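*Asks:* Let me begin by handing over the structure; questions about it come next.
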Amino acid sequence: MKVLLVGGGGREHALGWKLNQSPLVSEIISAPGNPGLADLGRCVPVDAEDIAALLALAEKESSDLVVVGPEVPLTAGLVDQLGERGIAAFGPSARAAQLEGSKAFTKAFCDRHNIPTAAYRAVQTIDEAEVFLKTLDAPFVLKADGLAAGKGVVIAETLDEAIRAASAMLDGQFGSASQTLVIEEFMHGVEASFFALSDGETVMPLIAAQDHKRAYDGDKGPNTGGMGAFSPVPHMDEAMTQRVMDEIITPTITGMRDEGMVFCGVLFAGLMIDADGPRLIEFNVRFGDPECQVLMMRLHSDLLPLLMGCATGGLGDIPLPVWDDRGCAAVVMAAKGYPGAYGKALPIALPANVQDGSHVQVFHAGTMRNKAGQLVSSGGRVLSITALSSQPKDAADLAYRKIDQIKFPDGFYRTDIGVKL
């Protein structure tokens, strides 16, 4: 089968790396891809948000399956338009992708279907924001309603700070994404990222990981797209996994179907877990990054049938996936300044022996090759060094040892991934 993989980040490299192991896959074409994906197949310089060009490419290549990695083309309706052309695609429709594309939509959906989540208010003026903020205790959580590349969340420690943040967001800090603002109560507990697949009828649990969103050690600094992850997550045992499926995942898939928005693809639930059980922080409608890296490293089963099952309605005929019992950790190397302003075209020296594919894999995210063929940076998050070992903490230690071999003087990384274990 010929697979067209849309995207060029660490998540897409991880998906391509796993798909490349499938005996069912004859060719992987990535748009736009990255140097890591270029080692697995052809990369075509088509932007992941250029819907018309992606449709033309899928048709030209007679793609058997299009795997859509990022959220923007999903919310823009790429899967819908591929379906109209008779091309199988992994990912939800634009209407179903509202679960990620609009936090206000998701909160109202949770209200309708009794899905546990934080108390909230969606506001569009600073006056509305102030009124609701004064009903909450510090700290305060403010979220841009729309897509903001994982950076549209502010946690304010004081009321004055929250009001200033609300004003900035409503004034366009995140562009049109924050024209509507969702303000939430702060939830206490331990976090987890849980993933499940669905073809609209069958719901298949995957596994959980834990992300590290803040830029710096000790969970300090601004939110990022993710600075590291590990799996398995100790507090996501079999009983808690069943509760998440029963109380959050299955009601969501059923509710979306009943409301005429059949959900096909991967549903990623960001969770907060306390003594009373799990509550939903937010939904994403694609694999997380860097969570995808640790999931793909731990997955023993063939990925292609799982994705095709979601795309074509045959997920119920596919056995549950088999997972590596070992721990896995991913550490992100980012360009200095990220998630703010950062330099590009910064040189990277990646020794050939830094990875072996079975215990350590370096997934490319923000990388490219310059005219001289040298590996350089092209984005904020540059590499994900991902390792397997007996326990997640041991895997993180292995990843850090490998990082010491990589020369990227203009980069930085957190040194405490998995430390809380």
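Chains: A, B, ... in order of the structure tokens. Residues: from 1 per chain. Ligands: from 1, in order shown.
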Using only C-alpha atoms, which residues sit within 12 Å of Pro305 in chain A once same-chain residues fewer than 4 positions away are excluded, as a ChimeraX atom specification?

*Replies:* /A:1,18-19,22-25,65,90,197,301,309-321

*Asks:* Using only C-alpha atoms, which protein or nucleic acid residues come within 9 Å of Ala149 in chain A? Drop anything in the same chain fewer than 3 positions from it, and give the result as a ChimeraX atom specification.

*Replies:* /A:71,152,224-225

*Asks:* With C-alpha atoms kept, could you save the residues just selected as a PDB file, in the first residue's frame?

*Replies:*
```
ATOM      1  CA  GLU A  71      -4.579  19.428  13.623  1.00  0.00           C
ATOM      2  CA  GLY A 152      -2.764  29.231  23.828  1.00  0.00           C
ATOM      3  CA  THR A 224       5.129  24.833  24.843  1.00  0.00           C
ATOM      4  CA  GLY A 225       4.000  22.179  22.404  1.00  0.00           C
TER       5      GLY A 225
END
```

*Asks:* Sorted by chain and rising residue number, which residues of range 202-300 of chain A lie within 9 Å of range 388-403 of chain A, and what are their closest atom pairs and distances in Å to one decimal, counting only C-alpha atoms, as JSON lines?

*Replies:*
```
{"residue": "A:Phe230", "atom": "CA", "partner": "A:Pro392", "partner_atom": "CA", "distance": 6.0}
{"residue": "A:Ser231", "atom": "CA", "partner": "A:Pro392", "partner_atom": "CA", "distance": 6.3}
{"residue": "A:Pro232", "atom": "CA", "partner": "A:Pro392", "partner_atom": "CA", "distance": 7.1}
{"residue": "A:Val233", "atom": "CA", "partner": "A:Pro392", "partner_atom": "CA", "distance": 8.7}
{"residue": "A:Val294", "atom": "CA", "partner": "A:Leu388", "partner_atom": "CA", "distance": 8.5}
{"residue": "A:Met297", "atom": "CA", "partner": "A:Leu388", "partner_atom": "CA", "distance": 7.4}
{"residue": "A:Arg298", "atom": "CA", "partner": "A:Leu388", "partner_atom": "CA", "distance": 7.9}
```

*Asks:* Can you pull out every residue from range 86-321 of chain A that DSSP, working from the backbone, puts in alpha helix (DSSP H), and format the result as number ranges by chain?

*Replies:* A: 98-101, 103-113, 126-133, 159-168, 238-244, 250-258, 291-298, 303-312

*Asks:* Compare A:Asn223, A:Gln210, A:Thr254, A:Ser63 by their minimum atom-to-atom distance to Leu271 in chain A, counting only C-alpha atoms, and give me the closest one.

*Replies:*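 For Leu271 in chain A, the nearest of the candidates is A:Gln210.
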
*Asks:* Determine the nearest neighbour of Ala108 in chain A from the options A:Ala334, A:Ala94, A:Val360, A:Val182, counting only C-alpha atoms.

*Replies:* A:Val182

*Asks:* When DSSP works through the backbone of this structure, what residues of range 105-347 of chain A end up as strand (DSSP E or B), shown as a VMD selection string?

*Replies:* chain A and resid 117 120 to 123 140 to 144 153 to 156 181 to 185 190 to 198 203 to 211 214 to 216 220 to 223 228 to 231 265 to 274 277 to 284 299 323 327 to 335 347

*Asks:* Using only C-alpha atoms, tabulate the residues of range 94-208 of chain A lying at most 6 Å from any atom of range 272-285 of chain A, each with its closest atom pair and that distance in Å to one decimal, by chain and increasing residue number, as CSV.

*Replies:*
```
residue,atom,partner,partner_atom,distance
A:Leu99,CA,A:Phe283,CA,5.9
A:Glu100,CA,A:Asn284,CA,4.8
A:Pro116,CA,A:Arg279,CA,4.9
A:Thr117,CA,A:Leu280,CA,4.7
A:Gly189,CA,A:Asp274,CA,4.6
A:Val190,CA,A:Ile273,CA,5.2
A:Glu191,CA,A:Met272,CA,4.6
```

*Asks:* Okay, now the selection with C-alpha atoms, as a PDB file, in the first residue's frame?

*Replies:*
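Result saved to again08.pdb:
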```pdb
ATOM      1  CA  LEU A  99     -13.351  18.696  19.654  1.00  0.00           C
ATOM      2  CA  GLU A 100      -9.889  20.202  19.289  1.00  0.00           C
ATOM      3  CA  PRO A 116     -16.450  15.254  33.884  1.00  0.00           C
ATOM      4  CA  THR A 117     -14.402  18.417  33.333  1.00  0.00           C
ATOM      5  CA  GLY A 189      -4.162  16.216  40.626  1.00  0.00           C
ATOM      6  CA  VAL A 190      -1.845  14.297  38.312  1.00  0.00           C
ATOM      7  CA  GLU A 191      -1.984  14.575  34.542  1.00  0.00           C
TER       8      GLU A 191
END
```

*Asks:* Kindly provide the residues of range 303-341 of chain A that approach range 365-380 of chain A to within 9 Å, each paired with its closest atom pair and their distance in Å to one decimal, based on only C-alpha atoms, listed by chain and increasing number, as JSON lines.

*Replies:*
```
{"residue": "A:Met333", "atom": "CA", "partner": "A:Gly380", "partner_atom": "CA", "distance": 8.8}
{"residue": "A:Ala334", "atom": "CA", "partner": "A:Gly380", "partner_atom": "CA", "distance": 5.5}
{"residue": "A:Ala335", "atom": "CA", "partner": "A:Gly380", "partner_atom": "CA", "distance": 5.2}
{"residue": "A:Lys336", "atom": "CA", "partner": "A:Gly380", "partner_atom": "CA", "distance": 8.0}
{"residue": "A:Gly337", "atom": "CA", "partner": "A:Gly380", "partner_atom": "CA", "distance": 8.1}
{"residue": "A:Tyr338", "atom": "CA", "partner": "A:Gly380", "partner_atom": "CA", "distance": 5.4}
{"residue": "A:Pro339", "atom": "CA", "partner": "A:Gly380", "partner_atom": "CA", "distance": 6.6}
{"residue": "A:Gly340", "atom": "CA", "partner": "A:Gly380", "partner_atom": "CA", "distance": 8.5}
{"residue": "A:Ala341", "atom": "CA", "partner": "A:Gly380", "partner_atom": "CA", "distance": 8.5}
```
